[in-house]
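K.L.:
Have a look at the structure that comes next, please.
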Amino acid sequence: MSNLKSILLVEDNPQDRELTLEGLSEYKIVNSIITVNDGVEALEYLQYEGKFKNREKDNPAVILLDIKMPRMDGIEVLEAIRKDDKLKTIPVVMLTSSREEPDLKKCYELGVNAYVVKPVDFTEFHEAVKHTTVFWAIINEKPPS
Amino acid sequence: MLMSGTIIYDSSGNPQYISSTAIDITERKEAEKKLKEAKAELEGRSYQLEATNKELEAFSYSVSHDLRAPLRHINGYVDLLNKKYRDELPEKAQHYLDTVTGASQKMGTLIDDLLQYSRTGRRELKRSEVDMNMLVREVIDEFKTDSENRKINWNIHKLPTVYADNTLFRQIWANLLGNAVKYTRKKEVAKIVVGCKEDINEHIFSVSDNGAGFDMKYVHKLFGVFQRLHPETEFEGTGIGLANVQRIVNKHQGRVWAEAEQEKGAIFYFTIPKFKEEKL
């Protein structure tokens with residue numbers, strides 16, 4: 001567990017980003033979280049494009065993906081990831097504001113690994129983020145690269 | 001005028017004469033025109049309905065996402081403030097913080113209730129045979145843990161099987177029985193009766209209790225969204241339950257109404273049409 005795996009947090013809202021990171025502050029993994037602002041940036045990161053051209057070649061252990069974002073939303077990102085041979089095995093967890101039936105259906109059809117609704121209550125939110133991240137980034141074994 | 005002619009032949013096949021008829025079809029034309037107009041109007045209306053439904057869907061989607069997010073932020077930051085700096089704050093400031101927390105939690109509940117209400121409205125009915133005896137028993141079992149210290153005298157009559165949406169009917173019972181449990185809280189022994197009568201076309205279900213009741217003067221408000229007839233300090237709740245019940249019953253082509261007397265109790269009725277086989 002000394003070798004920290006990276007987590008990609010795709011979240012457009014600065015408050016949500018801060019609260020998510022705050023929720024994980026007691027864990028070491030907080031240091032290995034990379035945050036990007038929207039779907040376009042997420043794909044640039046994953047496909048080593050734009051400002052991420054020279055980053056170290058390594059897929060994140062998990063992608064935490066918000067659904068509603070400007071430019072390219074989370075569902076479109078998920079679709080692009082599953083279509084890309086180099087990315088399709090990365091575990092993806094949707095982190096979203098509400099449980100909307102059509103979104104839920106679409107995400108599972110596209111092969112999402114988990115779908116988590118951010119609770120309004122902060123203590124519950126904190127717990128949800130903690131459990132999700134700890135599971136996917138520490139307990140779960142990454143797919144072989 | 002509609003004209004038609006037929007040539008009449010003799011037995012050897014030679015044309016003999018032409019028989020013709022003329023019918024005045026002004027009325028028929030008129031009727032056809034009216035039918036066409038009615039059809040066009042109906043198509044227009046159903047198009048409008050569909051558009052309204054889509055708008056509603058977009059609306060509730062945006063409510064759930066866009067309103068929940070800032071609310072979560074209010075909650076989150078107040079919580080952080082509480083966790084990290086509460087001890088440094090004067091008592092009054094702590095009280096303000098608690099008020100913010102309480103209000104934002106209340107708003108969260110209201111948004112969730114409204115969304116649930118709107119989802120119920122949009123849901124397409126999935127009908128199947130529903131044994132009301134079983135459903136009522138299951139719902140009552142769910143209340144048992146919450147009302148362990150209470151004396152509740154349940155009297156459940158034999159109930160029929162109906163053709164309805166099981167998930168939605170569970171909501172009806174959960175609301176009506178939940179209300180009966182809630183509003184009898186101040187009685188030493190609560191008496192709740194679930195019954196059913198039938199006539200040729202429908203089943204009439206009833207839930208009666210000996211609880212707080214309400215003033216019949218306000219009965220017209222009873223089934224409105226977020227309408228309450230009791231202060232929240234006395235009986236908790238947002239006022240969405242009965243609005244939901246009415247929506248579900250109406251979706252099943254039934255009716256719902258209530259009678260009550262203050263401090264004596266209330267009785268709620270709802271109907272569901274019988275399915276065809278039952279009427280025979």
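Residues are referred to by chain and number: the chain letter is A, B, ... according to the order shown in the structure tokens, the number counts from 1 in that chain, and ligands are numbered separately from 1 in the order shown.
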For B:Asp79, work out the shell of residues within 12 Å, counting only C-alpha atoms and skipping chain neighbours fewer than 5 positions away, then give it as a ChimeraX atom specification.

P.N.:
/A:19,22-23,120-126 /B:72-74,84-86,94,97-98,100-102,104-105

K.L.:
Which of stretch 24-123 of chain A end up as strand (DSSP E) when DSSP is run on this backbone - answer as JSON, numbers by chain?

P.N.:
{"A": [33, 34, 35, 36, 62, 63, 64, 65, 92, 93, 94, 95, 96, 114, 115, 116, 117]}

K.L.:
Set the cut-off to 10 Å and count only C-alpha atoms: what are the residues of chain B that reach chain A? Output as a list of chain:residue names.

P.N.:
B:Ser60, B:Tyr61, B:Ser62, B:Val63, B:Ser64, B:His65, B:Asp66, B:Leu67, B:Arg68, B:Ala69, B:Pro70, B:Leu71, B:Arg72, B:His73, B:Ile74, B:Asn75, B:Gly76, B:Tyr77, B:Val78, B:Asp79, B:Leu80, B:Thr101, B:Ser104, B:Gln105, B:Met107, B:Gly108, B:Thr109, B:Asp112, B:Arg119

K.L.:
Save the residues we just selected, N, CA and C atoms, as a compact mmCIF listing (two decimals), in the first residue's frame?

P.N.:
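out33.txt written:
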```txt
# COMPACT_ATOMS: atom_id res chain seq x y z
N SER B 60 -37.66 18.67 -13.77
CA SER B 60 -37.34 17.93 -12.55
C SER B 60 -35.88 17.46 -12.56
N TYR B 61 -35.37 17.20 -13.75
CA TYR B 61 -33.97 16.82 -13.87
C TYR B 61 -33.09 17.97 -13.40
N SER B 62 -33.44 19.17 -13.87
CA SER B 62 -32.63 20.31 -13.50
C SER B 62 -32.78 20.65 -12.03
N VAL B 63 -34.00 20.46 -11.49
CA VAL B 63 -34.20 20.69 -10.06
C VAL B 63 -33.29 19.77 -9.26
N SER B 64 -33.30 18.51 -9.66
CA SER B 64 -32.55 17.55 -8.85
C SER B 64 -31.06 17.83 -8.91
N HIS B 65 -30.58 18.17 -10.08
CA HIS B 65 -29.15 18.42 -10.17
C HIS B 65 -28.78 19.80 -9.66
N ASP B 66 -29.44 20.77 -10.20
CA ASP B 66 -28.97 22.13 -9.99
C ASP B 66 -29.31 22.67 -8.61
N LEU B 67 -30.40 22.24 -8.01
CA LEU B 67 -30.71 22.73 -6.67
C LEU B 67 -30.01 21.92 -5.59
N ARG B 68 -29.83 20.66 -5.85
CA ARG B 68 -29.18 19.83 -4.83
C ARG B 68 -27.72 20.20 -4.63
N ALA B 69 -27.05 20.56 -5.74
CA ALA B 69 -25.61 20.84 -5.63
C ALA B 69 -25.31 22.01 -4.67
N PRO B 70 -25.90 23.21 -4.90
CA PRO B 70 -25.58 24.30 -3.97
C PRO B 70 -26.01 23.99 -2.54
N LEU B 71 -27.07 23.22 -2.39
CA LEU B 71 -27.53 22.85 -1.06
C LEU B 71 -26.48 21.97 -0.37
N ARG B 72 -25.92 21.08 -1.16
CA ARG B 72 -24.88 20.21 -0.62
C ARG B 72 -23.68 21.05 -0.18
N HIS B 73 -23.41 22.12 -0.95
CA HIS B 73 -22.28 22.97 -0.59
C HIS B 73 -22.55 23.73 0.71
N ILE B 74 -23.76 24.25 0.85
CA ILE B 74 -24.11 24.95 2.10
C ILE B 74 -23.89 24.00 3.27
N ASN B 75 -24.46 22.81 3.15
CA ASN B 75 -24.33 21.80 4.19
C ASN B 75 -22.88 21.46 4.48
N GLY B 76 -22.13 21.28 3.41
CA GLY B 76 -20.74 20.86 3.53
C GLY B 76 -19.91 21.89 4.25
N TYR B 77 -20.05 23.15 3.84
CA TYR B 77 -19.21 24.19 4.43
C TYR B 77 -19.63 24.49 5.88
N VAL B 78 -20.91 24.46 6.15
CA VAL B 78 -21.35 24.66 7.53
C VAL B 78 -20.81 23.54 8.41
N ASP B 79 -20.82 22.35 7.86
CA ASP B 79 -20.31 21.21 8.61
C ASP B 79 -18.81 21.33 8.89
N LEU B 80 -18.09 21.79 7.87
CA LEU B 80 -16.65 21.98 8.05
C LEU B 80 -16.39 23.04 9.12
N THR B 101 -27.97 24.86 9.26
CA THR B 101 -27.98 23.42 9.02
C THR B 101 -29.41 22.89 8.94
N SER B 104 -31.23 24.06 5.76
CA SER B 104 -30.78 23.44 4.51
C SER B 104 -31.19 21.97 4.45
N GLN B 105 -31.24 21.34 5.63
CA GLN B 105 -31.70 19.95 5.62
C GLN B 105 -33.18 19.88 5.25
N MET B 107 -34.75 21.97 3.37
CA MET B 107 -34.85 22.21 1.94
C MET B 107 -34.50 20.95 1.14
N GLY B 108 -33.52 20.22 1.64
CA GLY B 108 -33.16 18.95 0.99
C GLY B 108 -34.34 18.00 0.95
N THR B 109 -35.04 17.89 2.07
CA THR B 109 -36.20 17.01 2.14
C THR B 109 -37.28 17.48 1.17
N ASP B 112 -36.33 16.61 -2.39
CA ASP B 112 -36.48 15.17 -2.64
C ASP B 112 -37.94 14.78 -2.76
N ARG B 119 -41.76 12.33 -10.21
CA ARG B 119 -41.48 11.02 -10.81
C ARG B 119 -42.73 10.16 -10.83
```

K.L.:
As a list of chain:residue names, please: the residues near B:Ala258 (cut-off 8 Å, only C-alpha atoms, same-chain neighbours under 5 positions excluded).

P.N.:
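Non-adjacent residues within range: B:Val219, B:Ala266, B:Ile267, B:Phe268, B:Tyr269.
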
K.L.:
Would you write out those residues with C-alpha atoms, as a PDB file, in the first residue's frame?

P.N.:
```pdb
ATOM      1  CA  VAL B 219     -60.594  19.571   3.601  1.00  0.00           C
ATOM      2  CA  ALA B 266     -60.096  10.738  10.352  1.00  0.00           C
ATOM      3  CA  ILE B 267     -61.186   8.345   7.662  1.00  0.00           C
ATOM      4  CA  PHE B 268     -59.629   8.217   4.215  1.00  0.00           C
ATOM      5  CA  TYR B 269     -61.257   6.536   1.239  1.00  0.00           C
TER       6      TYR B 269
END
```

K.L.:
Can you pull out the residues contacting B:Lys191? Cut-off 12 Å, using only C-alpha atoms, and skip same-chain residues under 5 positions away; I want them as a PyMOL selection string.

P.N.:
chain B and resi 150-156+177+180-186+207-212+264-267

K.L.:
Keeping C-alpha atoms for every residue in the selection just given, could you write it to a file as an mmCIF file, in the first residue's frame?

P.N.:
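Wrote it out as again.cif, contents follow:
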```
data_model
loop_
_atom_site.group_PDB
_atom_site.id
_atom_site.type_symbol
_atom_site.label_atom_id
_atom_site.label_comp_id
_atom_site.auth_asym_id
_atom_site.auth_seq_id
_atom_site.Cartn_x
_atom_site.Cartn_y
_atom_site.Cartn_z
ATOM 1 C CA ARG B 150 -47.102 2.384 21.302
ATOM 2 C CA LYS B 151 -50.391 0.637 21.777
ATOM 3 C CA ILE B 152 -51.889 0.306 18.338
ATOM 4 C CA ASN B 153 -55.012 -1.697 17.825
ATOM 5 C CA TRP B 154 -54.973 -2.785 14.177
ATOM 6 C CA ASN B 155 -58.173 -4.089 12.650
ATOM 7 C CA ILE B 156 -57.605 -5.253 9.096
ATOM 8 C CA LEU B 177 -51.228 3.927 7.264
ATOM 9 C CA ALA B 180 -52.837 6.971 10.808
ATOM 10 C CA VAL B 181 -49.914 5.916 12.993
ATOM 11 C CA LYS B 182 -48.526 9.448 13.139
ATOM 12 C CA TYR B 183 -51.736 11.295 13.932
ATOM 13 C CA THR B 184 -52.808 8.869 16.670
ATOM 14 C CA ARG B 185 -49.515 9.379 18.497
ATOM 15 C CA LYS B 186 -51.117 11.349 21.325
ATOM 16 C CA VAL B 207 -58.401 3.695 6.508
ATOM 17 C CA SER B 208 -59.838 5.131 9.685
ATOM 18 C CA ASP B 209 -58.159 6.184 12.897
ATOM 19 C CA ASN B 210 -59.033 7.779 16.233
ATOM 20 C CA GLY B 211 -56.273 10.374 15.986
ATOM 21 C CA ALA B 212 -56.012 14.143 15.758
ATOM 22 C CA LYS B 264 -61.817 12.374 17.150
ATOM 23 C CA GLY B 265 -60.145 10.884 14.117
ATOM 24 C CA ALA B 266 -60.096 10.738 10.352
ATOM 25 C CA ILE B 267 -61.186 8.345 7.662
#
```

K.L.:
Neighbours of B:Val162 within 10 Å (only C-alpha atoms; same-chain residues fewer than 6 positions away dropped), as a list in words?

P.N.:
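Final neighbour list, sorted by chain and number: Arg127, Ser128, Glu129, Val130, Asp131, Met132, Glu202, His203, Ile272, Pro273, Lys274, Phe275 and Glu278 of chain B.
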
K.L.:
Restricting it to C-alpha atoms, dump the selection as a PDB file, in the first residue's frame.

P.N.:
```pdb
ATOM      1  CA  ARG B 127     -50.138  -3.169 -13.578  1.00  0.00           C
ATOM      2  CA  SER B 128     -50.313  -6.650 -12.184  1.00  0.00           C
ATOM      3  CA  GLU B 129     -52.513  -8.511  -9.728  1.00  0.00           C
ATOM      4  CA  VAL B 130     -51.851  -7.074  -6.291  1.00  0.00           C
ATOM      5  CA  ASP B 131     -53.013  -8.864  -3.161  1.00  0.00           C
ATOM      6  CA  MET B 132     -53.975  -5.976  -0.897  1.00  0.00           C
ATOM      7  CA  GLU B 202     -65.136  -0.393  -8.096  1.00  0.00           C
ATOM      8  CA  HIS B 203     -63.503  -1.321  -4.805  1.00  0.00           C
ATOM      9  CA  ILE B 272     -59.975   1.600  -7.835  1.00  0.00           C
ATOM     10  CA  PRO B 273     -62.081   0.412 -10.773  1.00  0.00           C
ATOM     11  CA  LYS B 274     -62.525  -3.341 -10.996  1.00  0.00           C
ATOM     12  CA  PHE B 275     -60.883  -5.027 -13.913  1.00  0.00           C
ATOM     13  CA  GLU B 278     -64.259  -9.100 -11.938  1.00  0.00           C
TER      14      GLU B 278
END
```

K.L.:
Could you name the residues that touch B:Thr167 at 12 Å or less, counting only C-alpha atoms, but leaving out those on the same chain fewer than 5 positions away, as a PyMOL selection string?

P.N.:
chain B and resi 120+123-130+135+139+172-174+248

K.L.:
Since we have the selection now, will you write its residues out, keeping N, CA and C atoms, as a PDB file, in the first residue's frame?

P.N.:
```pdb
ATOM      1  N   THR B 120     -43.510  10.207  -9.740  1.00  0.00           N
ATOM      2  CA  THR B 120     -44.749   9.440  -9.678  1.00  0.00           C
ATOM      3  C   THR B 120     -45.660   9.841 -10.830  1.00  0.00           C
ATOM      4  N   ARG B 123     -44.395   8.388 -14.148  1.00  0.00           N
ATOM      5  CA  ARG B 123     -44.216   6.944 -14.236  1.00  0.00           C
ATOM      6  C   ARG B 123     -45.337   6.283 -15.038  1.00  0.00           C
ATOM      7  N   GLU B 124     -44.948   5.374 -15.905  1.00  0.00           N
ATOM      8  CA  GLU B 124     -45.976   4.608 -16.620  1.00  0.00           C
ATOM      9  C   GLU B 124     -46.412   3.450 -15.739  1.00  0.00           C
ATOM     10  N   LEU B 125     -47.725   3.248 -15.637  1.00  0.00           N
ATOM     11  CA  LEU B 125     -48.236   2.226 -14.734  1.00  0.00           C
ATOM     12  C   LEU B 125     -47.790   0.839 -15.173  1.00  0.00           C
ATOM     13  N   LYS B 126     -47.279   0.081 -14.204  1.00  0.00           N
ATOM     14  CA  LYS B 126     -46.963  -1.318 -14.491  1.00  0.00           C
ATOM     15  C   LYS B 126     -47.962  -2.141 -13.689  1.00  0.00           C
ATOM     16  N   ARG B 127     -49.079  -2.487 -14.320  1.00  0.00           N
ATOM     17  CA  ARG B 127     -50.138  -3.169 -13.578  1.00  0.00           C
ATOM     18  C   ARG B 127     -49.923  -4.669 -13.494  1.00  0.00           C
ATOM     19  N   SER B 128     -50.287  -5.201 -12.350  1.00  0.00           N
ATOM     20  CA  SER B 128     -50.313  -6.650 -12.184  1.00  0.00           C
ATOM     21  C   SER B 128     -51.329  -6.930 -11.091  1.00  0.00           C
ATOM     22  N   GLU B 129     -51.580  -8.206 -10.807  1.00  0.00           N
ATOM     23  CA  GLU B 129     -52.513  -8.511  -9.728  1.00  0.00           C
ATOM     24  C   GLU B 129     -51.831  -8.254  -8.391  1.00  0.00           C
ATOM     25  N   VAL B 130     -52.459  -7.438  -7.569  1.00  0.00           N
ATOM     26  CA  VAL B 130     -51.851  -7.074  -6.291  1.00  0.00           C
ATOM     27  C   VAL B 130     -52.773  -7.522  -5.161  1.00  0.00           C
ATOM     28  N   LEU B 135     -50.013  -6.759   0.848  1.00  0.00           N
ATOM     29  CA  LEU B 135     -49.370  -5.448   0.764  1.00  0.00           C
ATOM     30  C   LEU B 135     -49.542  -4.669   2.074  1.00  0.00           C
ATOM     31  N   VAL B 139     -46.622  -3.453   4.713  1.00  0.00           N
ATOM     32  CA  VAL B 139     -46.418  -2.044   5.086  1.00  0.00           C
ATOM     33  C   VAL B 139     -46.509  -1.869   6.600  1.00  0.00           C
ATOM     34  N   ILE B 172     -49.231   4.255  -1.567  1.00  0.00           N
ATOM     35  CA  ILE B 172     -50.529   4.681  -1.038  1.00  0.00           C
ATOM     36  C   ILE B 172     -50.686   4.191   0.392  1.00  0.00           C
ATOM     37  N   TRP B 173     -50.477   2.893   0.582  1.00  0.00           N
ATOM     38  CA  TRP B 173     -50.662   2.328   1.922  1.00  0.00           C
ATOM     39  C   TRP B 173     -49.655   2.895   2.909  1.00  0.00           C
ATOM     40  N   ALA B 174     -48.409   3.042   2.454  1.00  0.00           N
ATOM     41  CA  ALA B 174     -47.382   3.588   3.353  1.00  0.00           C
ATOM     42  C   ALA B 174     -47.792   4.985   3.824  1.00  0.00           C
ATOM     43  N   ILE B 248     -51.487   8.993  -7.430  1.00  0.00           N
ATOM     44  CA  ILE B 248     -51.453   7.564  -7.755  1.00  0.00           C
ATOM     45  C   ILE B 248     -52.865   7.039  -7.991  1.00  0.00           C
TER      46      ILE B 248
END
```

K.L.:
Any idea what the distance is between atom CA of A:Asp73 and atom CA of A:Val40?

P.N.:
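Taking atom CA of A:Asp73 and atom CA of A:Val40, their separation equals 8.5 Å.
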
K.L.:
Give me the residues within 12 Å of B:Lys217 as an NGL selection string, counting only C-alpha atoms and dropping any in the same chain fewer than 3 places off.

P.N.:
:B and (213-214 or 220-222 or 229 or 259-262)

K.L.:
Would you mind exporting N, CA, C and O atoms of the selected residues as a short mmCIF file (atom, residue, chain, number, x, y, z; two decimals), in the first residue's frame?

P.N.:
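Here's the written file selection.cif:
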```
data_model
loop_
_atom_site.label_atom_id
_atom_site.label_comp_id
_atom_site.auth_asym_id
_atom_site.auth_seq_id
_atom_site.Cartn_x
_atom_site.Cartn_y
_atom_site.Cartn_z
N GLY B 213 -57.33 13.97 13.72
CA GLY B 213 -58.32 14.43 12.75
C GLY B 213 -57.95 15.79 12.19
O GLY B 213 -56.79 16.22 12.25
N PHE B 214 -58.93 16.47 11.62
CA PHE B 214 -58.70 17.85 11.16
C PHE B 214 -60.04 18.52 10.99
O PHE B 214 -61.09 17.87 11.06
N HIS B 220 -60.51 20.87 1.54
CA HIS B 220 -60.13 21.10 0.14
C HIS B 220 -58.62 21.27 -0.04
O HIS B 220 -58.11 21.20 -1.13
N LYS B 221 -57.92 21.56 1.06
CA LYS B 221 -56.48 21.74 0.96
C LYS B 221 -55.71 20.44 1.20
O LYS B 221 -54.51 20.37 0.96
N LEU B 222 -56.42 19.46 1.69
CA LEU B 222 -55.79 18.26 2.22
C LEU B 222 -54.83 17.58 1.24
O LEU B 222 -53.77 17.10 1.63
N LEU B 229 -52.24 20.64 7.57
CA LEU B 229 -53.33 21.13 8.41
C LEU B 229 -52.93 21.13 9.89
O LEU B 229 -53.72 21.46 10.75
N GLU B 259 -62.85 12.22 5.44
CA GLU B 259 -63.77 12.85 6.39
C GLU B 259 -63.07 12.84 7.74
O GLU B 259 -62.31 11.92 8.03
N ALA B 260 -63.35 13.85 8.53
CA ALA B 260 -62.68 13.88 9.84
C ALA B 260 -63.42 14.76 10.82
O ALA B 260 -64.27 15.56 10.46
N GLU B 261 -63.04 14.56 12.06
CA GLU B 261 -63.54 15.44 13.11
C GLU B 261 -62.34 15.71 14.01
O GLU B 261 -61.60 14.78 14.35
N GLN B 262 -62.17 16.98 14.38
CA GLN B 262 -61.00 17.33 15.17
C GLN B 262 -60.93 16.56 16.48
O GLN B 262 -61.92 16.46 17.18
#
```
